[in-house]
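The data block below is data_25.txt; it holds compact mmCIF, C-alpha atoms.
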# COMPACT_ATOMS: atom_id res chain seq x y z
CA MET A 78 3.15 -14.79 -24.04
CA LEU A 79 3.49 -11.07 -23.28
CA VAL A 80 0.22 -9.13 -23.59
CA ILE A 81 -0.04 -5.35 -24.01
CA VAL A 82 -3.22 -3.44 -23.17
CA ASN A 83 -3.70 0.29 -23.75
CA TYR A 84 -6.15 2.13 -21.56
CA ILE A 85 -6.79 5.57 -23.06
CA ILE A 86 -8.46 8.60 -21.51
CA PHE A 87 -8.45 12.07 -23.03
CA PHE A 88 -8.77 15.25 -21.00
CA LEU A 89 -9.69 18.69 -22.15
CA SER A 90 -8.03 21.19 -19.84
CA SER A 91 -7.58 19.41 -16.51
CA VAL A 92 -5.87 22.15 -14.51
CA ILE A 93 -2.46 21.73 -12.90
CA SER A 94 -2.46 24.51 -10.31
CA SER A 95 0.27 27.13 -10.27
CA ARG A 96 0.38 27.05 -6.44
CA SER A 97 3.38 25.44 -4.74
CA ASN A 98 2.72 21.85 -3.54
CA SER A 99 -0.67 21.72 -5.28
CA LYS A 100 -1.78 18.30 -6.57
CA LEU A 101 -3.79 17.08 -9.51
CA THR A 102 -5.00 13.52 -8.92
CA VAL A 103 -6.69 11.51 -11.67
CA ASP A 104 -8.48 8.23 -10.91
CA ILE A 105 -8.24 5.59 -13.63
CA ASP A 106 -10.57 2.57 -13.53
CA SER A 107 -8.90 -0.37 -15.29
CA ASN A 108 -11.31 -3.17 -14.38
CA ASN A 109 -11.78 -4.28 -18.01
CA CYS A 110 -8.10 -5.02 -18.67
CA GLY A 111 -7.86 -7.68 -15.95
CA LYS A 112 -9.32 -10.26 -18.35
CA LYS A 113 -6.32 -10.04 -20.69
CA ILE A 114 -3.49 -9.49 -18.19
CA LYS A 115 -3.36 -11.27 -14.85
CA PHE A 116 0.16 -10.24 -13.77
CA LEU A 117 1.97 -7.02 -14.67
CA GLU A 118 5.52 -6.84 -15.95
CA HIS A 119 5.73 -3.07 -16.39
CA VAL A 120 3.47 -0.05 -16.81
CA GLU A 121 3.82 2.98 -19.07
CA ILE A 122 2.11 6.34 -18.63
CA THR A 123 2.25 8.61 -21.67
CA LEU A 124 1.40 12.25 -21.00
CA THR A 125 0.74 15.38 -22.95
CA LEU A 126 0.72 18.39 -20.63
CA SER A 127 1.76 22.00 -20.45
CA PHE A 128 3.27 23.64 -17.38
CA LYS A 129 6.02 26.24 -17.16
CA PRO A 130 8.46 25.29 -15.83
CA ARG A 131 7.78 21.57 -16.26
CA GLY A 132 10.81 20.85 -14.03
CA ASN A 133 8.63 21.85 -11.04
CA LEU A 134 6.45 18.80 -11.57
CA GLU A 135 6.68 15.46 -9.80
CA ILE A 136 4.65 12.68 -11.44
CA ALA A 137 3.61 9.48 -9.68
CA LEU A 138 1.42 6.42 -10.21
CA TYR A 139 -0.38 4.43 -7.52
CA SER A 140 -1.61 0.91 -8.28
CA PRO A 141 -4.93 -0.49 -7.04
CA LYS A 142 -2.93 -2.29 -4.30
CA GLY A 143 -1.42 1.04 -3.20
CA THR A 144 2.06 0.54 -4.64
CA PHE A 145 3.72 3.92 -5.32
CA SER A 146 6.07 4.71 -8.21
CA ARG A 147 7.55 8.16 -8.78
CA VAL A 148 7.96 8.12 -12.56
CA MET A 149 9.41 11.66 -12.67
CA GLY A 150 10.95 13.66 -9.87
CA SER A 151 11.17 17.45 -9.95
CA ARG A 152 14.12 18.92 -11.86
CA PRO A 153 14.71 22.60 -10.98
CA LYS A 154 16.94 23.27 -14.03
CA ASP A 155 14.30 22.10 -16.55
CA LYS A 156 12.61 25.35 -17.66
CA GLU A 157 10.74 23.89 -20.66
CA SER A 158 6.93 23.99 -20.73
CA ILE A 159 5.56 20.95 -22.58
CA TYR A 160 5.58 17.16 -22.41
CA PHE A 161 4.15 16.00 -25.73
CA ASP A 162 3.35 12.28 -25.74
CA TRP A 163 6.18 11.71 -23.26
CA THR A 164 6.33 8.12 -21.95
CA PHE A 165 7.41 7.23 -18.42
CA THR A 166 7.92 3.55 -17.44
CA SER A 167 7.83 1.70 -14.12
CA VAL A 168 8.49 -1.89 -13.01
CA HIS A 169 7.41 -1.20 -9.40
CA PHE A 170 4.10 -2.99 -10.05
CA TRP A 171 5.72 -6.29 -11.12
CA GLY A 172 3.44 -9.28 -10.44
CA GLU A 173 0.38 -7.21 -9.47
CA SER A 174 -2.99 -7.38 -11.20
CA PRO A 175 -3.76 -4.32 -13.32
CA LYS A 176 -7.44 -4.55 -12.37
CA GLY A 177 -8.89 -1.78 -10.20
CA LYS A 178 -8.49 1.93 -9.57
CA TRP A 179 -5.13 3.52 -10.46
CA LYS A 180 -4.15 7.05 -9.48
CA LEU A 181 -2.05 9.44 -11.52
CA GLN A 182 -0.74 12.29 -9.36
CA ILE A 183 0.99 15.44 -10.62
CA VAL A 184 2.42 17.81 -7.98
CA ASN A 185 3.94 21.27 -8.41
CA LYS A 186 7.00 20.88 -6.15
CA GLY A 187 8.44 24.30 -7.04
CA GLU A 188 7.51 27.85 -6.17
CA LYS A 189 4.21 29.38 -7.22
CA VAL A 190 4.25 30.24 -10.93
CA LYS A 191 2.29 32.84 -12.89
CA ILE A 192 -0.17 30.62 -14.76
CA ASN A 193 -1.79 27.22 -14.31
CA GLY A 194 -0.83 24.30 -16.51
CA ASN A 195 -3.01 21.70 -18.21
CA LEU A 196 -3.06 17.93 -18.41
CA ILE A 197 -4.27 17.48 -21.97
CA ARG A 198 -4.31 13.69 -22.27
CA TYR A 199 -2.74 10.50 -21.00
CA ARG A 200 -2.43 6.86 -22.01
CA LEU A 201 -1.86 4.11 -19.47
CA THR A 202 -0.33 0.98 -21.04
CA PHE A 203 -0.04 -2.34 -19.21
CA HIS A 204 2.50 -5.01 -20.17
CA GLY A 205 2.15 -8.44 -18.61
CA PHE A 206 1.02 -12.03 -18.77
Output the structure of this file as structure tokens.
Amino acid sequence: MLVIVNYIIFFLSSVISSRSNSKLTVDIDSNNCGKKIKFLEHVEITLTLSFKPRGNLEIALYSPKGTFSRVMGSRPKDKESIYFDWTFTSVHFWGESPKGKWKLQIVNKGEKVKINGNLIRYRLTFHGF
């Protein structure tokens, strides 16, 4: 039977720097969800953030085992400024345990911009057995 566990954290103004190649890294402790899911099928990260242009951003997840998944690469032609409850999905963590410390990393891969952005909130959702 497929089990879904939401792990929710809310941020108030976690800064995404305007400097080129700057990184925002968020540690997510998911030790409590290991009781319900032993093996992952896929993972979703839902973000609300502001950054202009959002196409500068590269978004990645790292599992507790160190597996890397780039859920969004930079897109130079995307000049919009907001992701509002935007969900990104990855199957790179198939078969892993969700238990442990995850990392969400947001990198400004473009040129320096005028103002900083903000990570407002995120939701990490595990699907597995």
(request) Would you mind telling me which residue in A:Ser107, A:Asn195, A:Ser95, A:Thr166 lies nearest to Ile122 of chain A when using all atoms listed in the file? (result) A:Thr166
(request) Rank nothing, just name the residue among A:Asn133, A:Asn185, A:Thr144, A:Ser127 nearest to Asp162 of chain A, using all atoms listed in the file. (result)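 Selected residue with least distance to Asp162 of chain A: A:Ser127.
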(message) Applying 6 Å and all atoms listed in the file, which residues near Pro130 of chain A remain after dropping the ones on its own chain fewer than 5 positions away? List them as a list in words.
(response) Lys156, Glu157 and Ser158 of chain A
(request) Give the answer as one residue: which of A:Thr123, A:Asn98, A:Asn108, A:Ser91 has the shortest atom-to-atom distance to Gly187 of chain A, using only C-alpha atoms? (result) A:Asn98
(request) One decimal, Å: what's the distance from atom CA of Pro153 of chain A over to atom CA of Thr125 of chain A, could you say? (result)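 These two atoms are separated by 19.8 Å.
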Give me the residues near Lys189 of chain A as a PDB file with C-alpha atoms, in the coordinates of the input, where near means some atom within 12 Å (using all atoms listed in the file) and where sequence neighbours in that chain fewer than 5 positions away do not count.
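Output file part.pdb is given in full below:
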ATOM      1  CA  ILE A  93      -2.460  21.730 -12.900  1.00  0.00           C
ATOM      2  CA  SER A  94      -2.460  24.510 -10.310  1.00  0.00           C
ATOM      3  CA  SER A  95       0.270  27.130 -10.270  1.00  0.00           C
ATOM      4  CA  ARG A  96       0.380  27.050  -6.440  1.00  0.00           C
ATOM      5  CA  SER A  97       3.380  25.440  -4.740  1.00  0.00           C
ATOM      6  CA  ASN A  98       2.720  21.850  -3.540  1.00  0.00           C
ATOM      7  CA  SER A  99      -0.670  21.720  -5.280  1.00  0.00           C
ATOM      8  CA  PHE A 128       3.270  23.640 -17.380  1.00  0.00           C
ATOM      9  CA  LYS A 129       6.020  26.240 -17.160  1.00  0.00           C
ATOM     10  CA  PRO A 130       8.460  25.290 -15.830  1.00  0.00           C
ATOM     11  CA  ASN A 133       8.630  21.850 -11.040  1.00  0.00           C
ATOM     12  CA  LEU A 134       6.450  18.800 -11.570  1.00  0.00           C
ATOM     13  CA  VAL A 184       2.420  17.810  -7.980  1.00  0.00           C
ATOM     14  CA  GLY A 194      -0.830  24.300 -16.510  1.00  0.00           C
TER      15      GLY A 194
END
(message) Measuring between all atoms listed in the file, which one of A:Tyr160, A:Trp171, A:Tyr139, A:Phe116 shows the shortest distance to Leu196 of chain A?
(response)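 Smallest distance to Leu196 of chain A is found for A:Tyr160.
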(message) Restricting the calculation to all atoms listed in the file: of A:Val92, A:Val82, A:Leu181, A:Val190, which residue gets closest to Pro141 of chain A?
(response)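 Of A:Val92, A:Val82, A:Leu181, A:Val190, the one nearest Pro141 of chain A, counting all atoms listed in the file, is A:Leu181.
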(request) Quick one: pull the distance between atom CA of Glu118 of chain A and atom CA of Met149 of chain A, Å, one decimal. (result) 19.2 Å
Using the atoms already present, construct N, CA, C and O atoms for segment 175-188 of chain A and hand them back as an mmCIF file, in the coordinates of the input.
data_model
loop_
_atom_site.group_PDB
_atom_site.id
_atom_site.type_symbol
_atom_site.label_atom_id
_atom_site.label_comp_id
_atom_site.auth_asym_id
_atom_site.auth_seq_id
_atom_site.Cartn_x
_atom_site.Cartn_y
_atom_site.Cartn_z
ATOM 1 N N PRO A 175 -3.486 -5.689 -12.895
ATOM 2 C CA PRO A 175 -3.760 -4.320 -13.320
ATOM 3 C C PRO A 175 -5.189 -3.879 -12.987
ATOM 4 O O PRO A 175 -5.516 -2.699 -13.092
ATOM 5 N N LYS A 176 -6.010 -4.801 -12.570
ATOM 6 C CA LYS A 176 -7.440 -4.550 -12.370
ATOM 7 C C LYS A 176 -7.684 -3.680 -11.140
ATOM 8 O O LYS A 176 -7.132 -3.942 -10.069
ATOM 9 N N GLY A 177 -8.508 -2.635 -11.311
ATOM 10 C CA GLY A 177 -8.890 -1.780 -10.200
ATOM 11 C C GLY A 177 -8.674 -0.312 -10.493
ATOM 12 O O GLY A 177 -8.570 0.102 -11.644
ATOM 13 N N LYS A 178 -8.603 0.482 -9.421
ATOM 14 C CA LYS A 178 -8.490 1.930 -9.570
ATOM 15 C C LYS A 178 -7.038 2.383 -9.400
ATOM 16 O O LYS A 178 -6.451 2.229 -8.336
ATOM 17 N N TRP A 179 -6.461 2.933 -10.457
ATOM 18 C CA TRP A 179 -5.130 3.520 -10.460
ATOM 19 C C TRP A 179 -5.264 5.003 -10.189
ATOM 20 O O TRP A 179 -6.301 5.600 -10.450
ATOM 21 N N LYS A 180 -4.189 5.602 -9.676
ATOM 22 C CA LYS A 180 -4.150 7.050 -9.480
ATOM 23 C C LYS A 180 -2.913 7.611 -10.164
ATOM 24 O O LYS A 180 -1.808 7.111 -9.966
ATOM 25 N N LEU A 181 -3.121 8.642 -10.951
ATOM 26 C CA LEU A 181 -2.050 9.440 -11.520
ATOM 27 C C LEU A 181 -2.019 10.728 -10.707
ATOM 28 O O LEU A 181 -3.056 11.376 -10.537
ATOM 29 N N GLN A 182 -0.850 11.075 -10.172
ATOM 30 C CA GLN A 182 -0.740 12.290 -9.360
ATOM 31 C C GLN A 182 0.365 13.185 -9.910
ATOM 32 O O GLN A 182 1.489 12.716 -10.143
ATOM 33 N N ILE A 183 0.035 14.448 -10.135
ATOM 34 C CA ILE A 183 0.990 15.440 -10.620
ATOM 35 C C ILE A 183 1.042 16.551 -9.579
ATOM 36 O O ILE A 183 0.013 17.135 -9.225
ATOM 37 N N VAL A 184 2.250 16.834 -9.054
ATOM 38 C CA VAL A 184 2.420 17.810 -7.980
ATOM 39 C C VAL A 184 3.387 18.897 -8.439
ATOM 40 O O VAL A 184 4.449 18.597 -8.986
ATOM 41 N N ASN A 185 3.021 20.155 -8.183
ATOM 42 C CA ASN A 185 3.940 21.270 -8.410
ATOM 43 C C ASN A 185 4.834 21.383 -7.188
ATOM 44 O O ASN A 185 4.433 21.921 -6.160
ATOM 45 N N LYS A 186 6.068 20.879 -7.282
ATOM 46 C CA LYS A 186 7.000 20.880 -6.150
ATOM 47 C C LYS A 186 7.816 22.170 -6.067
ATOM 48 O O LYS A 186 8.578 22.357 -5.128
ATOM 49 N N GLY A 187 7.671 23.055 -7.038
ATOM 50 C CA GLY A 187 8.440 24.300 -7.040
ATOM 51 C C GLY A 187 7.653 25.453 -6.436
ATOM 52 O O GLY A 187 6.606 25.274 -5.822
ATOM 53 N N GLU A 188 8.174 26.634 -6.638
ATOM 54 C CA GLU A 188 7.510 27.850 -6.170
ATOM 55 C C GLU A 188 6.248 28.097 -6.996
ATOM 56 O O GLU A 188 6.070 27.540 -8.070
#
